[in-house]
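Here the structure is laid out as structure tokens; the discussion comes afterwards.
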Amino acid sequence: MDALSAVNHLLNFVLPALAVALLLVGGCRIFLRKRAATRGMAAQVALNFAVGCVILAAGLAWWGRDGKMLTYAALALGCATTQWLLLRGWR
């Protein structure tokens, strides 16, 4: 595999985490306007993206392949929990 193919595979691996992070933070900005976030929008996206990448890597390590639906469910749950913590949802 050449370098361009490796970069393409890596980008396709982390793209679901980026999409979930962007949609989650954007949706919170639209639908939860009265909530005060502890961080800015870029920091929220970065934290959700990092959590998503860790979850995707754990799913790849656990099952030995990418694209399992349980991994994507854990991705959604993990990013939603991170966003809940960033928005201080327990208050």
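Here, A, B, ... name the chains of the structure tokens in the order displayed, residue numbers run from 1 inside each chain, and ligands are numbered from 1 in the same displayed order.
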
Subject >> Distance query A:Gly40 at most 12 Å, only C-alpha atoms, self and fewer than 2 positions along chain excluded, as a PyMOL selection string >> reply: chain A and resi 25-26+29+36-38+42-47+83+86-87

So that I have them on file, write out the residues from the current selection with N, CA and C atoms, as a tab-separated table (two decimals), in the first residue's frame.
```tsv
chain	number	residue	atom	x	y	z
A	25	VAL	N	-22.37	18.83	17.77
A	25	VAL	CA	-22.14	20.19	18.27
A	25	VAL	C	-23.02	21.19	17.51
A	26	GLY	N	-23.15	21.01	16.21
A	26	GLY	CA	-24.03	21.89	15.44
A	26	GLY	C	-25.48	21.78	15.85
A	29	ARG	N	-25.99	23.55	19.10
A	29	ARG	CA	-26.03	25.00	18.90
A	29	ARG	C	-27.39	25.46	18.40
A	36	ALA	N	-25.41	26.97	28.36
A	36	ALA	CA	-24.07	27.56	28.31
A	36	ALA	C	-23.04	26.44	28.32
A	37	ALA	N	-22.26	26.38	27.28
A	37	ALA	CA	-21.23	25.35	27.18
A	37	ALA	C	-19.99	25.79	27.96
A	38	THR	N	-19.24	24.80	28.43
A	38	THR	CA	-18.02	25.12	29.16
A	38	THR	C	-16.88	25.45	28.22
A	42	ALA	N	-15.23	25.00	18.67
A	42	ALA	CA	-14.09	24.23	18.13
A	42	ALA	C	-13.57	23.24	19.16
A	43	ALA	N	-13.54	23.63	20.42
A	43	ALA	CA	-13.07	22.71	21.47
A	43	ALA	C	-14.04	21.56	21.66
A	44	GLN	N	-15.34	21.83	21.55
A	44	GLN	CA	-16.33	20.76	21.67
A	44	GLN	C	-16.18	19.76	20.54
A	45	VAL	N	-15.99	20.27	19.32
A	45	VAL	CA	-15.81	19.37	18.17
A	45	VAL	C	-14.53	18.55	18.35
A	46	ALA	N	-13.46	19.19	18.80
A	46	ALA	CA	-12.19	18.49	18.98
A	46	ALA	C	-12.29	17.41	20.05
A	47	LEU	N	-12.94	17.70	21.16
A	47	LEU	CA	-13.09	16.69	22.22
A	47	LEU	C	-13.97	15.53	21.77
A	83	GLN	N	-20.67	15.26	25.05
A	83	GLN	CA	-21.37	16.53	24.85
A	83	GLN	C	-22.25	16.86	26.05
A	86	LEU	N	-19.97	18.29	28.57
A	86	LEU	CA	-19.54	19.63	28.20
A	86	LEU	C	-20.63	20.67	28.41
A	87	LEU	N	-21.89	20.27	28.26
A	87	LEU	CA	-23.00	21.20	28.45
A	87	LEU	C	-23.51	21.20	29.88
```

**OP:** Taking the DSSP assignment computed from this structure's backbone, write out as a VMD selection string all residues of stretch 17-56 of chain A that belong to helix (DSSP H, G or I).
**Re:** chain A and resid 17 to 31 41 to 56

**OP:** Take atom CA of A:Val51 and atom CA of A:Arg33 and report the distance between them in Å, one decimal.
**Re:** 23.5 Å

Excluding same-chain residues fewer than 4 positions from A:Leu18, what lies within 10 Å of it counting only C-alpha atoms, as a PDB file with all heavy atoms, in the first residue's frame?
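Output file part_2.pdb is given in full below:
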```pdb
ATOM      1  N   LEU A  11      -8.199   8.461   6.686  1.00  0.00           N
ATOM      2  CA  LEU A  11      -9.257   9.474   6.643  1.00  0.00           C
ATOM      3  C   LEU A  11     -10.641   8.838   6.626  1.00  0.00           C
ATOM      4  O   LEU A  11     -11.563   9.328   7.282  1.00  0.00           O
ATOM      5  CB  LEU A  11      -9.073  10.395   5.440  1.00  0.00           C
ATOM      6  CG  LEU A  11      -7.885  11.350   5.512  1.00  0.00           C
ATOM      7  CD1 LEU A  11      -7.763  12.133   4.219  1.00  0.00           C
ATOM      8  CD2 LEU A  11      -8.004  12.287   6.692  1.00  0.00           C
ATOM      9  N   PHE A  13     -11.353   6.038   7.962  1.00  0.00           N
ATOM     10  CA  PHE A  13     -11.555   5.441   9.276  1.00  0.00           C
ATOM     11  C   PHE A  13     -12.069   6.465  10.280  1.00  0.00           C
ATOM     12  O   PHE A  13     -12.959   6.174  11.070  1.00  0.00           O
ATOM     13  CB  PHE A  13     -10.236   4.823   9.769  1.00  0.00           C
ATOM     14  CG  PHE A  13     -10.331   4.244  11.144  1.00  0.00           C
ATOM     15  CD1 PHE A  13     -11.042   3.079  11.365  1.00  0.00           C
ATOM     16  CD2 PHE A  13      -9.709   4.851  12.213  1.00  0.00           C
ATOM     17  CE1 PHE A  13     -11.131   2.529  12.640  1.00  0.00           C
ATOM     18  CE2 PHE A  13      -9.792   4.320  13.490  1.00  0.00           C
ATOM     19  CZ  PHE A  13     -10.499   3.150  13.694  1.00  0.00           C
ATOM     20  N   VAL A  14     -11.529   7.691  10.258  1.00  0.00           N
ATOM     21  CA  VAL A  14     -11.903   8.703  11.250  1.00  0.00           C
ATOM     22  C   VAL A  14     -13.057   9.593  10.802  1.00  0.00           C
ATOM     23  O   VAL A  14     -13.561  10.384  11.590  1.00  0.00           O
ATOM     24  CB  VAL A  14     -10.689   9.573  11.657  1.00  0.00           C
ATOM     25  CG1 VAL A  14      -9.614   8.732  12.273  1.00  0.00           C
ATOM     26  CG2 VAL A  14     -10.172  10.391  10.501  1.00  0.00           C
ATOM     27  N   LEU A  22     -19.233  16.931  14.443  1.00  0.00           N
ATOM     28  CA  LEU A  22     -19.746  18.161  13.822  1.00  0.00           C
ATOM     29  C   LEU A  22     -21.264  18.246  13.917  1.00  0.00           C
ATOM     30  O   LEU A  22     -21.818  19.312  14.243  1.00  0.00           O
ATOM     31  CB  LEU A  22     -19.308  18.238  12.361  1.00  0.00           C
ATOM     32  CG  LEU A  22     -17.839  18.551  12.115  1.00  0.00           C
ATOM     33  CD1 LEU A  22     -17.508  18.383  10.643  1.00  0.00           C
ATOM     34  CD2 LEU A  22     -17.497  19.943  12.591  1.00  0.00           C
ATOM     35  N   LEU A  23     -21.953  17.157  13.627  1.00  0.00           N
ATOM     36  CA  LEU A  23     -23.415  17.169  13.687  1.00  0.00           C
ATOM     37  C   LEU A  23     -23.928  17.326  15.111  1.00  0.00           C
ATOM     38  O   LEU A  23     -24.926  18.016  15.347  1.00  0.00           O
ATOM     39  CB  LEU A  23     -23.976  15.893  13.058  1.00  0.00           C
ATOM     40  CG  LEU A  23     -23.837  15.787  11.548  1.00  0.00           C
ATOM     41  CD1 LEU A  23     -24.239  14.397  11.072  1.00  0.00           C
ATOM     42  CD2 LEU A  23     -24.658  16.846  10.853  1.00  0.00           C
ATOM     43  N   LEU A  24     -23.259  16.724  16.065  1.00  0.00           N
ATOM     44  CA  LEU A  24     -23.686  16.814  17.452  1.00  0.00           C
ATOM     45  C   LEU A  24     -23.521  18.229  17.992  1.00  0.00           C
ATOM     46  O   LEU A  24     -24.445  18.785  18.590  1.00  0.00           O
ATOM     47  CB  LEU A  24     -22.894  15.825  18.301  1.00  0.00           C
ATOM     48  CG  LEU A  24     -23.295  15.683  19.755  1.00  0.00           C
ATOM     49  CD1 LEU A  24     -24.731  15.184  19.849  1.00  0.00           C
ATOM     50  CD2 LEU A  24     -22.364  14.730  20.450  1.00  0.00           C
ATOM     51  N   VAL A  45     -15.991  20.268  19.322  1.00  0.00           N
ATOM     52  CA  VAL A  45     -15.807  19.369  18.175  1.00  0.00           C
ATOM     53  C   VAL A  45     -14.530  18.555  18.354  1.00  0.00           C
ATOM     54  O   VAL A  45     -14.518  17.344  18.115  1.00  0.00           O
ATOM     55  CB  VAL A  45     -15.779  20.168  16.853  1.00  0.00           C
ATOM     56  CG1 VAL A  45     -15.350  19.292  15.693  1.00  0.00           C
ATOM     57  CG2 VAL A  45     -17.135  20.772  16.565  1.00  0.00           C
ATOM     58  N   ALA A  46     -13.455  19.193  18.805  1.00  0.00           N
ATOM     59  CA  ALA A  46     -12.185  18.487  18.979  1.00  0.00           C
ATOM     60  C   ALA A  46     -12.294  17.405  20.046  1.00  0.00           C
ATOM     61  O   ALA A  46     -11.781  16.289  19.854  1.00  0.00           O
ATOM     62  CB  ALA A  46     -11.090  19.489  19.337  1.00  0.00           C
ATOM     63  N   ASN A  48     -15.084  15.839  21.119  1.00  0.00           N
ATOM     64  CA  ASN A  48     -15.951  14.768  20.613  1.00  0.00           C
ATOM     65  C   ASN A  48     -15.243  13.946  19.541  1.00  0.00           C
ATOM     66  O   ASN A  48     -15.409  12.723  19.478  1.00  0.00           O
ATOM     67  CB  ASN A  48     -17.257  15.346  20.064  1.00  0.00           C
ATOM     68  CG  ASN A  48     -18.225  15.705  21.151  1.00  0.00           C
ATOM     69  OD1 ASN A  48     -18.385  14.974  22.107  1.00  0.00           O
ATOM     70  ND2 ASN A  48     -18.875  16.842  21.013  1.00  0.00           N
ATOM     71  N   PHE A  49     -14.463  14.593  18.696  1.00  0.00           N
ATOM     72  CA  PHE A  49     -13.703  13.882  17.665  1.00  0.00           C
ATOM     73  C   PHE A  49     -12.667  12.963  18.292  1.00  0.00           C
ATOM     74  O   PHE A  49     -12.507  11.814  17.867  1.00  0.00           O
ATOM     75  CB  PHE A  49     -13.040  14.889  16.722  1.00  0.00           C
ATOM     76  CG  PHE A  49     -12.180  14.264  15.669  1.00  0.00           C
ATOM     77  CD1 PHE A  49     -12.730  13.491  14.674  1.00  0.00           C
ATOM     78  CD2 PHE A  49     -10.805  14.458  15.680  1.00  0.00           C
ATOM     79  CE1 PHE A  49     -11.934  12.909  13.698  1.00  0.00           C
ATOM     80  CE2 PHE A  49     -10.008  13.893  14.722  1.00  0.00           C
ATOM     81  CZ  PHE A  49     -10.566  13.114  13.720  1.00  0.00           C
ATOM     82  N   ALA A  50     -11.979  13.440  19.311  1.00  0.00           N
ATOM     83  CA  ALA A  50     -10.967  12.617  19.978  1.00  0.00           C
ATOM     84  C   ALA A  50     -11.604  11.398  20.652  1.00  0.00           C
ATOM     85  O   ALA A  50     -11.095  10.276  20.534  1.00  0.00           O
ATOM     86  CB  ALA A  50     -10.207  13.452  20.998  1.00  0.00           C
ATOM     87  N   GLY A  52     -14.416  10.022  19.805  1.00  0.00           N
ATOM     88  CA  GLY A  52     -14.880   9.157  18.722  1.00  0.00           C
ATOM     89  C   GLY A  52     -13.760   8.336  18.108  1.00  0.00           C
ATOM     90  O   GLY A  52     -13.936   7.140  17.820  1.00  0.00           O
ATOM     91  N   CYS A  53     -12.593   8.943  17.921  1.00  0.00           N
ATOM     92  CA  CYS A  53     -11.460   8.201  17.360  1.00  0.00           C
ATOM     93  C   CYS A  53     -10.986   7.105  18.298  1.00  0.00           C
ATOM     94  O   CYS A  53     -10.639   6.004  17.856  1.00  0.00           O
ATOM     95  CB  CYS A  53     -10.318   9.163  17.050  1.00  0.00           C
ATOM     96  SG  CYS A  53     -10.608  10.182  15.603  1.00  0.00           S
TER      97      CYS A  53
END
```

Original post:
Interatomic distance between atom CA of A:Asp2 and atom CA of A:Trp62?
Top reply: 26.1 Å

Original post:
In terms of the shortest atom-to-atom distance over only C-alpha atoms, which of A:Asn8, A:Val54, A:Leu60, A:Arg39 is closest to A:Leu75?
Top reply: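 When distances to A:Leu75 are compared using only C-alpha atoms, the smallest one comes from A:Val54.
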